[in-house]
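K.L.:
Once you've had a glance at the structure underneath, I'll fire off some questions.
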Amino acid sequence: MMPRLFATVVLLALASAANACRFAQDAQPEQWQAWSSLLFAADVASIELDQQKSLDVITVSVVETFKGPPGAAATLLVPTRMWASCRLARPLAGARVLVAINPNGDTLLVPLTQTYSERLRQQLSE
């Protein structure tokens with residue numbers, strides 16, 4: 001019984017990670033709005049590796065808030081495995097990114113273009 005339960009939990013975790021990856025790559029503005037409690041455009045100020053916890057500690061300067069209270073800066077903790085498993089590029093200092101944080105505290109961070117920023121603004125005004 002126990003091996004079956006463990007296998008089920010592992011499969012659910014893998015499916016959840018796969019869904020998050022697909023979401024991060026393909027989400028439309030309205031999906032970002034629905035998923036997140038905080039959503040903002042930011043410039044990456046620094047990125048450091050916390051090797052003990054396998055996390056990237058990313059400090060960003062908030063440029064524009066799409067959802068949630070306005071802020072000037074944020075420090076994000078992102079599992080280092082996310083970049084490779086989701087086939088996302090690890091951002092470099094100076095990169096413009098879209099940051100989404102859901103009510104559970106899960107963070108997604110993807111590159112942000114001016115065109116996509118405009119689409120997010122348009123979604124807000126509807």
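Within each chain, counting starts at residue 1; across the structure tokens, chains are named A, B, ... in the order shown, with ligands numbered 1 upward in that order.
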In chain A, what's strand (DSSP E) per DSSP? Answer as a ChimeraX atom specification?
P.N.:
/A:38-50,55-67,73-79,96-101,107-111
K.L.:
Write out as number ranges by chain each polymer residue whose atoms come within 8 Å of Leu77 of chain A, counting only C-alpha atoms; drop sequence neighbours fewer than 3 positions from it.
P.N.:
A: 55-58, 107
K.L.:
Using only C-alpha atoms for the distances, tell me which of A:Leu98, A:Ala89, A:Leu76, A:Val110 is nearest to Leu39 of chain A.
P.N.:
A:Leu98
K.L.:
Within chain A, find each residue whose DSSP state, derived from the backbone, is helix (DSSP H, G or I), and express the selection as number ranges by chain.
P.N.:
A: 2-26, 29-35, 81-85, 114-125
K.L.:
If you keep C-alpha atoms, can you produce a file of those selected residues as a PDB file, in the first residue's frame?
P.N.:
```pdb
ATOM      1  CA  MET A   2       2.742   2.483   0.962  1.00  0.00           C
ATOM      2  CA  PRO A   3       4.736   2.175  -2.330  1.00  0.00           C
ATOM      3  CA  ARG A   4       1.550   2.841  -4.311  1.00  0.00           C
ATOM      4  CA  LEU A   5       0.771   5.968  -2.250  1.00  0.00           C
ATOM      5  CA  PHE A   6       4.339   7.213  -2.671  1.00  0.00           C
ATOM      6  CA  ALA A   7       4.166   6.649  -6.447  1.00  0.00           C
ATOM      7  CA  THR A   8       0.882   8.551  -6.604  1.00  0.00           C
ATOM      8  CA  VAL A   9       2.335  11.502  -4.683  1.00  0.00           C
ATOM      9  CA  VAL A  10       5.409  11.587  -6.924  1.00  0.00           C
ATOM     10  CA  LEU A  11       3.273  11.476 -10.081  1.00  0.00           C
ATOM     11  CA  LEU A  12       1.050  14.285  -8.788  1.00  0.00           C
ATOM     12  CA  ALA A  13       4.098  16.408  -7.957  1.00  0.00           C
ATOM     13  CA  LEU A  14       5.573  15.814 -11.413  1.00  0.00           C
ATOM     14  CA  ALA A  15       2.267  16.665 -13.101  1.00  0.00           C
ATOM     15  CA  SER A  16       2.002  19.843 -11.028  1.00  0.00           C
ATOM     16  CA  ALA A  17       5.540  20.903 -11.996  1.00  0.00           C
ATOM     17  CA  ALA A  18       4.836  20.165 -15.660  1.00  0.00           C
ATOM     18  CA  ASN A  19       1.647  22.249 -15.532  1.00  0.00           C
ATOM     19  CA  ALA A  20       3.504  25.148 -13.901  1.00  0.00           C
ATOM     20  CA  CYS A  21       6.150  24.995 -16.632  1.00  0.00           C
ATOM     21  CA  ARG A  22       3.569  25.010 -19.416  1.00  0.00           C
ATOM     22  CA  PHE A  23       1.760  27.841 -17.685  1.00  0.00           C
ATOM     23  CA  ALA A  24       4.951  29.914 -17.358  1.00  0.00           C
ATOM     24  CA  GLN A  25       5.726  29.471 -21.040  1.00  0.00           C
ATOM     25  CA  ASP A  26       2.264  29.915 -22.552  1.00  0.00           C
ATOM     26  CA  PRO A  29      -2.510  37.995 -19.607  1.00  0.00           C
ATOM     27  CA  GLU A  30      -5.901  36.973 -18.170  1.00  0.00           C
ATOM     28  CA  GLN A  31      -4.384  33.707 -16.910  1.00  0.00           C
ATOM     29  CA  TRP A  32      -1.588  35.586 -15.124  1.00  0.00           C
ATOM     30  CA  GLN A  33      -4.224  37.826 -13.538  1.00  0.00           C
ATOM     31  CA  ALA A  34      -6.261  34.828 -12.352  1.00  0.00           C
ATOM     32  CA  TRP A  35      -3.265  32.822 -11.022  1.00  0.00           C
ATOM     33  CA  ARG A  81      15.876  23.441 -10.969  1.00  0.00           C
ATOM     34  CA  MET A  82      12.996  25.488 -12.419  1.00  0.00           C
ATOM     35  CA  TRP A  83      15.127  27.000 -15.190  1.00  0.00           C
ATOM     36  CA  ALA A  84      16.177  23.688 -16.719  1.00  0.00           C
ATOM     37  CA  SER A  85      12.998  21.737 -15.997  1.00  0.00           C
ATOM     38  CA  GLN A 114       7.225  45.739 -24.146  1.00  0.00           C
ATOM     39  CA  THR A 115       4.483  44.161 -26.279  1.00  0.00           C
ATOM     40  CA  TYR A 116       3.476  41.754 -23.533  1.00  0.00           C
ATOM     41  CA  SER A 117       3.494  44.613 -20.978  1.00  0.00           C
ATOM     42  CA  GLU A 118       1.026  46.446 -23.196  1.00  0.00           C
ATOM     43  CA  ARG A 119      -1.189  43.362 -23.347  1.00  0.00           C
ATOM     44  CA  LEU A 120      -1.172  43.148 -19.527  1.00  0.00           C
ATOM     45  CA  ARG A 121      -2.090  46.843 -19.258  1.00  0.00           C
ATOM     46  CA  GLN A 122      -4.909  46.319 -21.750  1.00  0.00           C
ATOM     47  CA  GLN A 123      -6.198  43.355 -19.699  1.00  0.00           C
ATOM     48  CA  LEU A 124      -6.277  45.578 -16.597  1.00  0.00           C
ATOM     49  CA  SER A 125      -8.344  48.237 -18.315  1.00  0.00           C
TER      50      SER A 125
END
```
